[in-house]
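Data block for work16.cif (mmCIF, C-alpha atoms):
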```
data_input
#
loop_
_atom_site.group_PDB
_atom_site.id
_atom_site.type_symbol
_atom_site.label_atom_id
_atom_site.label_comp_id
_atom_site.auth_asym_id
_atom_site.auth_seq_id
_atom_site.Cartn_x
_atom_site.Cartn_y
_atom_site.Cartn_z
ATOM 1 C CA HIS A 17 -11.583 -24.002 0.451
ATOM 2 C CA PRO A 18 -8.483 -24.243 -1.750
ATOM 3 C CA ASN A 19 -7.744 -27.654 -3.207
ATOM 4 C CA LYS A 20 -4.030 -26.939 -3.486
ATOM 5 C CA TRP A 21 -1.677 -24.812 -1.452
ATOM 6 C CA VAL A 22 2.061 -24.353 -1.086
ATOM 7 C CA CYS A 23 4.096 -23.511 2.014
ATOM 8 C CA MET A 24 7.866 -23.238 2.362
ATOM 9 C CA ASP A 25 9.608 -23.239 5.731
ATOM 10 C CA ILE A 26 12.775 -21.161 6.033
ATOM 11 C CA GLU A 27 15.274 -22.430 8.591
ATOM 12 C CA CYS A 28 12.315 -23.498 10.784
ATOM 13 C CA GLU A 29 11.928 -19.846 11.824
ATOM 14 C CA ALA A 30 9.552 -18.486 9.234
ATOM 15 C CA GLY A 31 7.579 -19.519 6.240
ATOM 16 C CA CYS A 32 5.885 -18.222 3.145
ATOM 17 C CA GLY A 33 3.273 -19.776 0.951
ATOM 18 C CA VAL A 34 0.526 -19.460 -1.615
ATOM 19 C CA VAL A 35 -3.108 -20.247 -0.842
ATOM 20 C CA PRO A 36 -5.604 -19.838 -3.695
ATOM 21 C CA PHE A 37 -8.430 -17.755 -2.278
ATOM 22 C CA LYS A 38 -11.526 -16.128 -3.691
ATOM 23 C CA TYR A 39 -13.369 -13.508 -1.641
ATOM 24 C CA LYS A 40 -17.153 -13.901 -1.716
ATOM 25 C CA ASP A 41 -19.756 -11.301 -0.776
ATOM 26 C CA GLN A 42 -21.944 -14.001 0.766
ATOM 27 C CA SER A 43 -19.149 -15.268 3.005
ATOM 28 C CA TYR A 44 -19.704 -14.044 6.566
ATOM 29 C CA VAL A 45 -15.970 -13.729 7.262
ATOM 30 C CA ASN A 46 -15.195 -12.013 3.952
ATOM 31 C CA ALA A 47 -18.025 -9.544 4.518
ATOM 32 C CA LEU A 48 -16.658 -8.721 7.970
ATOM 33 C CA GLN A 49 -13.217 -8.067 6.494
ATOM 34 C CA TRP A 50 -14.740 -5.588 4.031
ATOM 35 C CA MET A 51 -16.793 -3.845 6.723
ATOM 36 C CA ILE A 52 -13.995 -3.549 9.285
ATOM 37 C CA GLY A 53 -11.694 -1.838 6.803
ATOM 38 C CA LEU A 54 -14.312 0.726 5.839
ATOM 39 C CA GLU A 55 -15.335 1.351 9.452
ATOM 40 C CA THR A 56 -11.711 2.044 10.348
ATOM 41 C CA PHE A 57 -11.318 4.624 7.591
ATOM 42 C CA LEU A 58 -14.647 6.316 8.257
ATOM 43 C CA MET A 59 -14.193 6.575 12.033
ATOM 44 C CA VAL A 60 -10.668 8.020 12.004
ATOM 45 C CA ASP A 61 -10.754 11.788 12.434
ATOM 46 C CA ASP A 62 -7.357 12.749 11.044
ATOM 47 C CA PRO A 63 -6.610 11.665 7.434
ATOM 48 C CA TRP A 64 -2.905 12.446 8.020
ATOM 49 C CA ARG A 65 -2.721 9.418 10.317
ATOM 50 C CA ILE A 66 -4.185 6.728 8.055
ATOM 51 C CA PHE A 67 -3.067 5.570 4.632
ATOM 52 C CA LEU A 68 -4.816 3.768 1.807
ATOM 53 C CA THR A 69 -2.819 0.644 1.015
ATOM 54 C CA THR A 70 -3.636 -2.834 -0.224
ATOM 55 C CA ASP A 71 -1.872 -6.137 0.286
ATOM 56 C CA HIS A 72 -0.891 -6.330 -3.370
ATOM 57 C CA PRO A 73 -1.256 -8.832 -4.931
ATOM 58 C CA ASN A 74 -2.758 -10.971 -2.151
ATOM 59 C CA GLY A 75 -6.397 -10.454 -3.040
ATOM 60 C CA ALA A 76 -6.155 -6.669 -2.984
ATOM 61 C CA PRO A 77 -4.387 -5.238 -6.044
ATOM 62 C CA PHE A 78 -3.696 -1.506 -6.158
ATOM 63 C CA THR A 79 -5.910 -1.413 -9.250
ATOM 64 C CA SER A 80 -8.779 -1.575 -6.737
ATOM 65 C CA TYR A 81 -7.943 1.917 -5.424
ATOM 66 C CA PRO A 82 -10.578 3.710 -7.562
ATOM 67 C CA HIS A 83 -13.304 1.412 -6.237
ATOM 68 C CA LEU A 84 -12.126 1.799 -2.645
ATOM 69 C CA ILE A 85 -11.985 5.586 -3.001
ATOM 70 C CA LYS A 86 -15.561 5.632 -4.286
ATOM 71 C CA LEU A 87 -16.665 3.593 -1.271
ATOM 72 C CA LEU A 88 -15.115 6.211 1.010
ATOM 73 C CA MET A 89 -16.495 9.211 -0.884
ATOM 74 C CA ASP A 90 -20.022 8.013 -1.694
ATOM 75 C CA LYS A 91 -22.282 6.940 1.180
ATOM 76 C CA SER A 92 -25.147 5.851 -1.108
ATOM 77 C CA PHE A 93 -22.862 3.632 -3.168
ATOM 78 C CA ARG A 94 -21.318 2.210 0.007
ATOM 79 C CA ASN A 95 -24.717 1.300 1.427
ATOM 80 C CA ASP A 96 -25.790 -0.241 -1.876
ATOM 81 C CA MET A 97 -22.753 -2.520 -1.737
ATOM 82 C CA LEU A 98 -23.410 -3.269 1.932
ATOM 83 C CA SER A 99 -26.945 -4.441 1.140
ATOM 84 C CA THR A 100 -25.606 -7.209 -1.115
ATOM 85 C CA LEU A 101 -23.427 -8.823 1.561
ATOM 86 C CA HIS A 102 -24.106 -11.701 3.946
ATOM 87 C CA PRO A 103 -27.205 -10.683 5.970
ATOM 88 C CA GLU A 104 -25.792 -11.830 9.320
ATOM 89 C CA ALA A 105 -22.616 -9.842 8.707
ATOM 90 C CA GLN A 106 -24.707 -6.737 8.050
ATOM 91 C CA LYS A 107 -26.125 -7.061 11.564
ATOM 92 C CA ALA A 108 -22.599 -6.965 13.017
ATOM 93 C CA THR A 109 -21.744 -3.525 11.662
ATOM 94 C CA HIS A 110 -22.978 0.031 12.026
ATOM 95 C CA LEU A 111 -21.476 0.972 8.661
ATOM 96 C CA ALA A 112 -24.876 2.001 7.273
ATOM 97 C CA SER A 113 -25.222 4.654 9.992
ATOM 98 C CA LEU A 114 -21.874 6.289 9.221
ATOM 99 C CA ASP A 115 -22.596 9.426 7.202
ATOM 100 C CA ARG A 116 -19.027 10.477 6.579
ATOM 101 C CA GLU A 117 -17.895 10.936 2.993
ATOM 102 C CA TYR A 118 -14.259 11.681 2.269
ATOM 103 C CA SER A 119 -13.472 14.868 0.353
ATOM 104 C CA LEU A 120 -11.022 15.030 -2.545
ATOM 105 C CA TYR A 121 -8.716 16.962 -0.235
ATOM 106 C CA GLU A 122 -8.764 14.127 2.308
ATOM 107 C CA ILE A 123 -8.159 11.530 -0.403
ATOM 108 C CA ALA A 124 -5.123 13.519 -1.577
ATOM 109 C CA ILE A 125 -3.785 13.586 1.980
ATOM 110 C CA MET A 126 -4.382 9.907 2.608
ATOM 111 C CA THR A 127 -2.929 8.684 -0.693
ATOM 112 C CA ARG A 128 -0.193 11.248 -1.363
ATOM 113 C CA ALA A 129 0.778 13.916 1.154
ATOM 114 C CA GLY A 130 0.408 11.848 4.330
ATOM 115 C CA ALA A 131 2.373 8.902 2.995
ATOM 116 C CA ALA A 132 5.230 11.157 1.858
ATOM 117 C CA LYS A 133 5.341 12.922 5.210
ATOM 118 C CA LEU A 134 5.370 9.612 7.084
ATOM 119 C CA VAL A 135 8.680 8.548 5.541
ATOM 120 C CA GLY A 136 10.200 12.030 5.530
ATOM 121 C CA LEU A 137 10.168 12.681 1.769
ATOM 122 C CA ALA A 138 9.976 16.481 1.709
ATOM 123 C CA ASP A 139 9.970 16.641 -2.094
ATOM 124 C CA ARG A 140 6.928 14.375 -2.512
ATOM 125 C CA GLY A 141 3.226 14.666 -1.812
ATOM 126 C CA HIS A 142 2.867 18.365 -2.662
ATOM 127 C CA LEU A 143 3.036 20.803 -5.588
ATOM 128 C CA GLY A 144 5.334 23.371 -3.979
ATOM 129 C CA ILE A 145 8.667 24.751 -5.138
ATOM 130 C CA GLY A 146 11.328 22.049 -5.258
ATOM 131 C CA ALA A 147 8.840 19.180 -5.401
ATOM 132 C CA ALA A 148 9.602 16.148 -7.575
ATOM 133 C CA ALA A 149 6.649 16.880 -9.901
ATOM 134 C CA ASP A 150 4.912 13.542 -9.473
ATOM 135 C CA ILE A 151 1.498 14.745 -10.684
ATOM 136 C CA THR A 152 -1.735 13.052 -11.731
ATOM 137 C CA VAL A 153 -4.413 15.040 -13.585
ATOM 138 C CA TYR A 154 -8.068 13.981 -13.653
ATOM 139 C CA THR A 155 -11.230 15.306 -15.231
ATOM 140 C CA ASP A 156 -13.773 15.857 -12.471
ATOM 141 C CA ASN A 157 -16.488 13.212 -12.470
ATOM 142 C CA SER A 158 -19.210 12.615 -9.887
ATOM 143 C CA ASP A 159 -18.523 8.894 -10.305
ATOM 144 C CA ARG A 160 -15.226 8.847 -8.436
ATOM 145 C CA GLU A 161 -14.395 5.306 -9.487
ATOM 146 C CA LYS A 162 -14.509 6.228 -13.176
ATOM 147 C CA MET A 163 -12.586 9.411 -12.440
ATOM 148 C CA PHE A 164 -9.702 7.752 -10.623
ATOM 149 C CA GLU A 165 -9.408 4.668 -12.822
ATOM 150 C CA LYS A 166 -8.461 6.666 -15.936
ATOM 151 C CA PRO A 167 -6.302 9.776 -15.374
ATOM 152 C CA ASP A 168 -5.885 12.284 -18.179
ATOM 153 C CA TYR A 169 -2.180 12.739 -17.510
ATOM 154 C CA VAL A 170 0.446 11.316 -15.172
ATOM 155 C CA PHE A 171 3.829 12.954 -14.700
ATOM 156 C CA LYS A 172 6.770 11.204 -13.039
ATOM 157 C CA ASP A 173 9.565 13.574 -11.977
ATOM 158 C CA GLY A 174 8.153 16.116 -14.425
ATOM 159 C CA GLU A 175 8.018 13.728 -17.391
ATOM 160 C CA MET A 176 4.673 12.711 -18.885
ATOM 161 C CA VAL A 177 4.291 8.941 -18.642
ATOM 162 C CA VAL A 178 0.523 8.577 -19.171
ATOM 163 C CA ARG A 179 -1.793 10.402 -21.569
ATOM 164 C CA GLN A 180 -5.557 9.783 -21.652
ATOM 165 C CA GLY A 181 -5.151 6.603 -19.662
ATOM 166 C CA GLN A 182 -2.459 5.144 -21.918
ATOM 167 C CA VAL A 183 1.139 4.565 -20.833
ATOM 168 C CA ILE A 184 3.437 6.445 -23.220
ATOM 169 C CA LYS A 185 6.754 6.119 -21.401
ATOM 170 C CA ILE A 186 8.287 3.663 -18.927
ATOM 171 C CA THR A 187 10.439 5.153 -16.181
ATOM 172 C CA TRP A 188 12.147 3.606 -13.181
ATOM 173 C CA GLY A 189 11.796 5.223 -9.789
ATOM 174 C CA THR A 190 14.125 5.494 -6.823
ATOM 175 C CA THR A 191 14.522 3.025 -3.975
ATOM 176 C CA HIS A 192 14.532 4.779 -0.591
ATOM 177 C CA VAL A 193 16.498 2.872 2.022
ATOM 178 C CA VAL A 194 16.808 3.212 5.795
ATOM 179 C CA LYS A 195 20.352 2.585 7.016
ATOM 180 C CA PRO A 196 20.432 3.429 10.729
ATOM 181 C CA GLU A 197 23.713 3.354 12.602
ATOM 182 C CA TYR A 198 24.265 0.347 14.862
ATOM 183 C CA ASP A 199 26.910 -1.238 17.075
ATOM 184 C CA VAL A 200 28.948 -3.356 14.660
ATOM 185 C CA SER A 201 30.173 -5.528 17.560
ATOM 186 C CA ILE A 202 26.789 -7.278 17.441
ATOM 187 C CA GLU A 203 27.877 -8.984 14.229
ATOM 188 C CA LYS A 204 30.304 -11.305 16.022
ATOM 189 C CA PRO A 205 27.706 -13.062 18.266
ATOM 190 C CA LEU A 206 25.281 -13.052 15.347
ATOM 191 C CA GLN A 207 27.871 -14.791 13.209
ATOM 192 C CA GLN A 208 28.372 -17.418 15.911
ATOM 193 C CA TYR A 209 24.612 -17.951 16.126
ATOM 194 C CA PHE A 210 24.307 -18.449 12.375
ATOM 195 C CA ASP A 211 27.263 -20.821 12.289
ATOM 196 C CA LYS A 212 25.768 -22.918 15.095
ATOM 197 C CA PHE A 213 22.084 -23.046 14.216
ATOM 198 C CA HIS A 214 21.661 -22.191 10.526
ATOM 199 C CA THR A 215 22.546 -23.852 7.265
ATOM 200 C CA LEU A 216 22.543 -20.451 5.555
ATOM 201 C CA LYS A 217 25.361 -18.005 6.207
ATOM 202 C CA MET A 218 24.796 -14.601 7.749
ATOM 203 C CA SER A 219 26.154 -13.041 4.563
ATOM 204 C CA ASN A 220 23.192 -14.550 2.684
ATOM 205 C CA PHE A 221 20.872 -12.244 4.621
ATOM 206 C CA LYS A 222 22.745 -9.047 3.790
ATOM 207 C CA ILE A 223 21.478 -7.030 0.835
ATOM 208 C CA SER A 224 23.944 -4.984 -1.156
ATOM 209 C CA ASN A 225 23.193 -1.626 -2.756
ATOM 210 C CA ASP A 226 23.430 -3.267 -6.192
ATOM 211 C CA GLU A 227 20.724 -5.744 -5.241
ATOM 212 C CA ILE A 228 18.482 -2.949 -3.931
ATOM 213 C CA VAL A 229 18.835 -0.982 -7.164
ATOM 214 C CA ASP A 230 17.731 -4.142 -8.995
ATOM 215 C CA ASP A 231 20.058 -4.841 -11.917
ATOM 216 C CA GLY A 232 20.924 -1.224 -12.587
ATOM 217 C CA ARG A 233 17.346 0.081 -12.869
ATOM 218 C CA GLY A 234 16.453 3.168 -10.876
ATOM 219 C CA SER A 235 18.737 4.591 -8.210
ATOM 220 C CA LEU A 236 19.360 4.425 -4.473
ATOM 221 C CA THR A 237 18.479 7.346 -2.194
ATOM 222 C CA ILE A 238 19.711 7.733 1.386
ATOM 223 C CA GLN A 239 18.480 10.876 3.126
ATOM 224 C CA PRO A 240 18.972 12.314 6.640
ATOM 225 C CA LEU A 241 16.355 11.456 9.218
ATOM 226 C CA HIS A 242 14.816 14.154 11.446
ATOM 227 C CA LYS A 243 16.943 13.273 14.485
ATOM 228 C CA GLY A 244 20.371 12.904 13.008
ATOM 229 C CA GLY A 245 19.947 9.372 11.706
ATOM 230 C CA ARG A 246 19.990 8.349 8.068
ATOM 231 C CA LEU A 247 17.232 7.418 5.661
#
```

For this file, write the structure as structure tokens.
Amino acid sequence: HPNKWVCMDIECEAGCGVVPFKYKDQSYVNALQWMIGLETFLMVDDPWRIFLTTDHPNGAPFTSYPHLIKLLMDKSFRNDMLSTLHPEAQKATHLASLDREYSLYEIAIMTRAGAAKLVGLADRGHLGIGAAADITVYTDNSDREKMFEKPDYVFKDGEMVVRQGQVIKITWGTTHVVKPEYDVSIEKPLQQYFDKFHTLKMSNFKISNDEIVDDGRGSLTIQPLHKGGRL
């Protein structure tokens, strides 16, 4: 129950806000959220069709990945965590009966190869010839959380950026942008709509390439889509 919150309406069509929130293992609703996510992952057959993401930073930072991976790979650990949650929530799930444990191969698919394939990045998510050489090296550890939270080496485009868990070089990546073709005649009625109903101009909603690149850092990549479009 936050004591303070902020919400901003945008042209009466949308809004964004900040609500201070702390997840609690003894909250029935919070426990259900935790269980539903794990059930979804453990009951999906094909790891190429599901991806490990978090709503960063809204209560789920990407720094939680090692813990989440351990939950998926270690049934005993998962059930130990389950036993600490709200008792009524435990009755609403069959998580304890799910024996599946993800393999390292499946984790690699779900966190690397599958995501790259989804957006058509042929040079990412694999170690083949012509790949971008985005590589993370770990020392094998039965405690998968400890293993994934501190990589031995991380390479970005072939350059070492992390050694023994310490960042040794800062690099900027590339922004991949979808720019599909469209009927430019639609801009005229859209302009009329903005002029009539909005206080902001239509031009305020357009994002230039310079803005996407973010003050000169990184670069902009537009690649062909599979069916003749543009990515």

*To verify the selection step, state as a list in words which residues the PyMOL selection byres ((chain A and resi 118) around 8) yields on this input.*
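For this structure, the PyMOL selection byres ((chain A and resi 118) around 8) captures Leu88, Met89, Asp90, Arg116, Glu117, Ser119, Leu120, Glu122 and Ile123 of chain A.
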
*Suppose you want the space between atom CA of A:Thr191 and atom CA of A:Ala131; what is it in Å?*
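Separating atom CA of A:Thr191 from atom CA of A:Ala131 is a distance of 15.2 Å.
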
_Spatial neighbours of A:Val34, max dist 10 Å, only C-alpha atoms, sep filter under 5 positions, as a ChimeraX atom specification_ = /A:20-24,74

*Between A:Ile202, A:Leu216, A:Met97, A:Leu68, which one has atoms that come closest to A:Ala124, using only C-alpha atoms?*
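Under the stated criterion, the closest residue is A:Leu68.
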
*Can you work out the spacing between atom CA of A:Met51 and atom CA of A:Lys162 in Å, to one decimal?*
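Separation of atom CA of A:Met51 and atom CA of A:Lys162: 22.4 Å.
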
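Those residues returned by the PyMOL selection byres ((chain A and resi 185-188) around 9) for this file are Lys172, Glu175, Met176, Val177, Val178, Val183, Ile184, Gly189, Thr190, Arg233, Gly234 and Ser235 of chain A.
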
_Can you pull out the residues contacting A:Pro167? Cut-off 9 Å, using all atoms listed in the file, and skip same-chain residues under 4 positions away; I want them as a list in words._
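Here the qualifying residues turn out to be Thr152, Val153, Tyr154, Thr155, Met163, Val178, Arg179, Gln180, Gly181 and Gln182 of chain A.
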
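Going from atom CA of A:Lys217 to atom CA of A:Gly31 covers 17.8 Å.
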
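Using only C-alpha atoms for every distance, the candidate list A:Asp96, A:Asp25, A:Glu104, A:Glu203 yields A:Glu104 as the residue closest to A:Val45.
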
Adding 3 Å on each side of the box along x, y and z that holds all listed atoms of stretch 93-100 of chain A, could you give its centre and edge lengths in Å to one decimal, as JSON?
```
{"center_x": -24.1, "center_y": -1.8, "center_z": -0.6, "size_x": 11.6, "size_y": 16.8, "size_z": 11.1}
```
